[in-house]
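J.: My structure is stored as structure-v1.pdb, with PDB, C-alpha atoms.
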ATOM      1  CA  MET A  55      25.145 -64.150  43.287
ATOM      2  CA  THR A  56      22.045 -62.348  44.472
ATOM      3  CA  LEU A  57      21.956 -58.772  45.619
ATOM      4  CA  PHE A  58      20.803 -59.240  49.199
ATOM      5  CA  GLN A  59      21.244 -63.007  49.730
ATOM      6  CA  LEU A  60      17.647 -63.713  50.790
ATOM      7  CA  LYS A  61      17.789 -67.451  50.147
ATOM      8  CA  TRP A  62      15.417 -68.183  53.038
ATOM      9  CA  LEU A  63      12.738 -65.987  51.444
ATOM     10  CA  ARG A  64      13.131 -67.707  48.083
ATOM     11  CA  ARG A  65      12.807 -71.150  49.700
ATOM     12  CA  PHE A  66       9.765 -70.014  51.709
ATOM     13  CA  VAL A  67       7.945 -68.699  48.622
ATOM     14  CA  ARG A  68       8.819 -71.659  46.411
ATOM     15  CA  LYS A  69       7.585 -74.188  49.008
ATOM     16  CA  ARG A  70       4.234 -72.464  49.477
ATOM     17  CA  THR A  71       3.304 -71.574  45.879
ATOM     18  CA  ASN A  72       2.580 -73.509  42.707
ATOM     19  CA  PRO A  73       4.731 -72.959  39.617
ATOM     20  CA  ILE A  74       3.283 -70.568  37.027
ATOM     21  CA  PRO A  75       3.267 -71.707  33.384
ATOM     22  CA  HIS A  76       5.817 -69.854  31.272
ATOM     23  CA  ASP A  77       3.259 -68.412  28.823
ATOM     24  CA  ARG A  78       1.103 -67.002  31.610
ATOM     25  CA  ALA A  79       4.121 -65.516  33.425
ATOM     26  CA  HIS A  80       5.335 -63.884  30.207
ATOM     27  CA  PHE A  81       1.870 -62.436  29.521
ATOM     28  CA  TRP A  82       1.647 -60.818  32.971
ATOM     29  CA  LYS A  83       5.226 -59.600  32.803
ATOM     30  CA  GLU A  84       4.404 -57.721  29.595
ATOM     31  CA  LYS A  85       1.200 -56.241  31.072
ATOM     32  CA  LEU A  86       2.878 -55.126  34.305
ATOM     33  CA  SER A  87       5.866 -53.686  32.433
ATOM     34  CA  LEU A  88       3.573 -51.597  30.247
ATOM     35  CA  TRP A  89       1.608 -50.386  33.291
ATOM     36  CA  TYR A  90       4.835 -49.502  35.130
ATOM     37  CA  MET A  91       6.137 -47.581  32.102
ATOM     38  CA  ILE A  92       2.944 -45.530  31.785
ATOM     39  CA  VAL A  93       2.754 -44.698  35.502
ATOM     40  CA  ALA A  94       6.466 -43.786  35.737
ATOM     41  CA  TRP A  95       6.322 -41.583  32.627
ATOM     42  CA  ASN A  96       3.239 -39.739  33.903
ATOM     43  CA  ALA A  97       4.826 -39.230  37.340
ATOM     44  CA  LEU A  98       7.944 -37.795  35.707
ATOM     45  CA  GLY A  99       5.817 -35.489  33.548
ATOM     46  CA  TYR A 100       3.796 -34.321  36.570
ATOM     47  CA  ILE A 101       6.936 -33.511  38.573
ATOM     48  CA  GLY A 102       8.383 -31.680  35.568
ATOM     49  CA  TYR A 103       5.150 -29.678  35.275
ATOM     50  CA  LEU A 104       5.256 -28.734  38.979
ATOM     51  CA  VAL A 105       8.866 -27.575  38.711
ATOM     52  CA  TYR A 106       8.180 -25.662  35.485
ATOM     53  CA  THR A 107       5.180 -23.826  36.924
ATOM     54  CA  GLY A 108       7.016 -23.039  40.153
ATOM     55  CA  GLN A 109       4.709 -24.989  42.442
ATOM     56  CA  LYS A 110       7.523 -27.309  43.484
ATOM     57  CA  LYS A 111      11.009 -25.979  44.177
ATOM     58  CA  LEU A 112      14.161 -28.011  43.816
ATOM     59  CA  VAL A 113      15.836 -26.291  46.796
ATOM     60  CA  ASN A 114      14.301 -26.011  50.256
ATOM     61  CA  ASP A 115      13.726 -22.453  51.377
ATOM     62  CA  ASP A 116      13.744 -23.528  55.026
ATOM     63  CA  GLU A 117      17.137 -21.907  55.431
ATOM     64  CA  GLY A 118      15.745 -18.417  54.838
ATOM     65  CA  GLN A 119      18.010 -16.088  52.922
ATOM     66  CA  GLU A 120      21.195 -18.129  53.382
ATOM     67  CA  THR A 121      23.534 -18.242  50.437
ATOM     68  CA  ALA A 122      24.924 -21.462  49.036
ATOM     69  CA  GLY A 123      28.296 -20.633  50.615
ATOM     70  CA  GLN A 124      26.718 -20.281  54.045
ATOM     71  CA  ARG A 125      24.875 -23.599  53.702
ATOM     72  CA  TYR A 126      28.082 -25.302  52.543
ATOM     73  CA  ALA A 127      30.069 -23.824  55.454
ATOM     74  CA  LYS A 128      27.368 -24.976  57.864
ATOM     75  CA  MET A 129      27.488 -28.464  56.351
ATOM     76  CA  LEU A 130      31.285 -28.550  56.812
ATOM     77  CA  LYS A 131      30.858 -27.157  60.372
ATOM     78  CA  VAL A 132      33.190 -24.209  59.780
ATOM     79  CA  ASP A 133      33.038 -21.749  62.702
ATOM     80  CA  LYS A 134      35.495 -19.075  61.656
ATOM     81  CA  GLY A 135      36.144 -17.894  58.140
ATOM     82  CA  LYS A 136      35.094 -15.636  55.328
ATOM     83  CA  ILE A 137      32.831 -16.070  52.357
ATOM     84  CA  ILE A 138      33.770 -13.751  49.510
ATOM     85  CA  ARG A 139      31.311 -13.358  46.635
ATOM     86  CA  PHE A 140      32.502 -12.381  43.169
ATOM     87  CA  GLU A 141      30.591 -11.378  40.068
ATOM     88  CA  GLY A 142      32.909 -11.569  37.124
ATOM     89  CA  VAL A 143      36.246 -10.244  38.372
ATOM     90  CA  GLN A 144      34.859  -7.792  40.939
ATOM     91  CA  LYS A 145      34.359  -8.567  44.596
ATOM     92  CA  VAL A 146      30.709  -7.949  45.463
ATOM     93  CA  SER A 147      30.472  -8.829  49.131
ATOM     94  CA  GLU A 148      32.361 -10.355  52.007
ATOM     95  CA  LEU A 149      30.795 -12.256  54.892
ATOM     96  CA  ASP A 150      32.438 -13.214  58.176
ATOM     97  CA  LEU A 151      31.045 -16.521  59.341
ATOM     98  CA  ASN A 152      31.589 -15.857  63.028
ATOM     99  CA  ALA A 153      29.996 -12.380  62.967
ATOM    100  CA  ASP A 154      27.156 -13.019  60.473
ATOM    101  CA  GLU A 155      27.449  -9.446  59.251
ATOM    102  CA  GLU A 156      27.682  -8.767  55.568
ATOM    103  CA  ARG A 157      29.927  -5.963  54.425
ATOM    104  CA  ASN A 158      29.355  -4.750  50.889
ATOM    105  CA  LYS A 159      32.426  -3.473  49.109
TER     106      LYS A 159
END
Any chance you could put this one into structure tokens?
T.:
Amino acid sequence: MTLFQLKWLRRFVRKRTNPIPHDRAHFWKEKLSLWYMIVAWNALGYIGYLVYTGQKKLVNDDEGQETAGQRYAKMLKVDKGKIIRFEGVQKVSELDLNADEERNK
């Protein structure tokens, strides 16, 4: 069973190409696999470097100063409610979603 069932594509390619000898196919498979490994590893290292130096952020700052609770409530399309923020066992702030006013307590 194939993943996408593209039998027509397989037939089209096999009719219009010559078979490749096994040794030659194996040689190019090894070369391309090595090239792919090197490129993928360098891309991963470059992205890690950008994140580490702060040039690339994992979270979009397009939302402004919204908290994670506000983004989650927006994603769930909650109109009325409260977001209560705790640090440890103390309540730090309370936010009404319909008023968008933060009351510090």
J.: Step by step, work through what the PyMOL selection byres ((chain A and resi 122-136) around 8) selects in the shown file, and finish by giving those residues as a count of residues only.
T.: 9
J.: Please measure the separation of CA of Thr71 in chain A and CA of Lys83 in chain A, giving the value in Å to one decimal.
T.: 17.8 Å
J.: Using Å and a single decimal, report how far CA of Asn96 in chain A sits from CA of Gln109 in chain A.
T.: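 Taking CA of Gln109 in chain A and CA of Asn96 in chain A, their separation equals 17.1 Å.
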J.: For the atom pair CA of Lys69 in chain A and CA of Glu84 in chain A, what is the interatomic distance in Å to one decimal place?
T.: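 Between these atoms lies a distance of 25.7 Å.
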J.: Report as an MDAnalysis selection string all protein, DNA and RNA residues lying within 12 Å of Tyr100 in chain A, evaluated on only C-alpha atoms, omitting residues in the same chain fewer than 6 positions from it.
T.: chainID A and resid 93:94 106:107 109:110
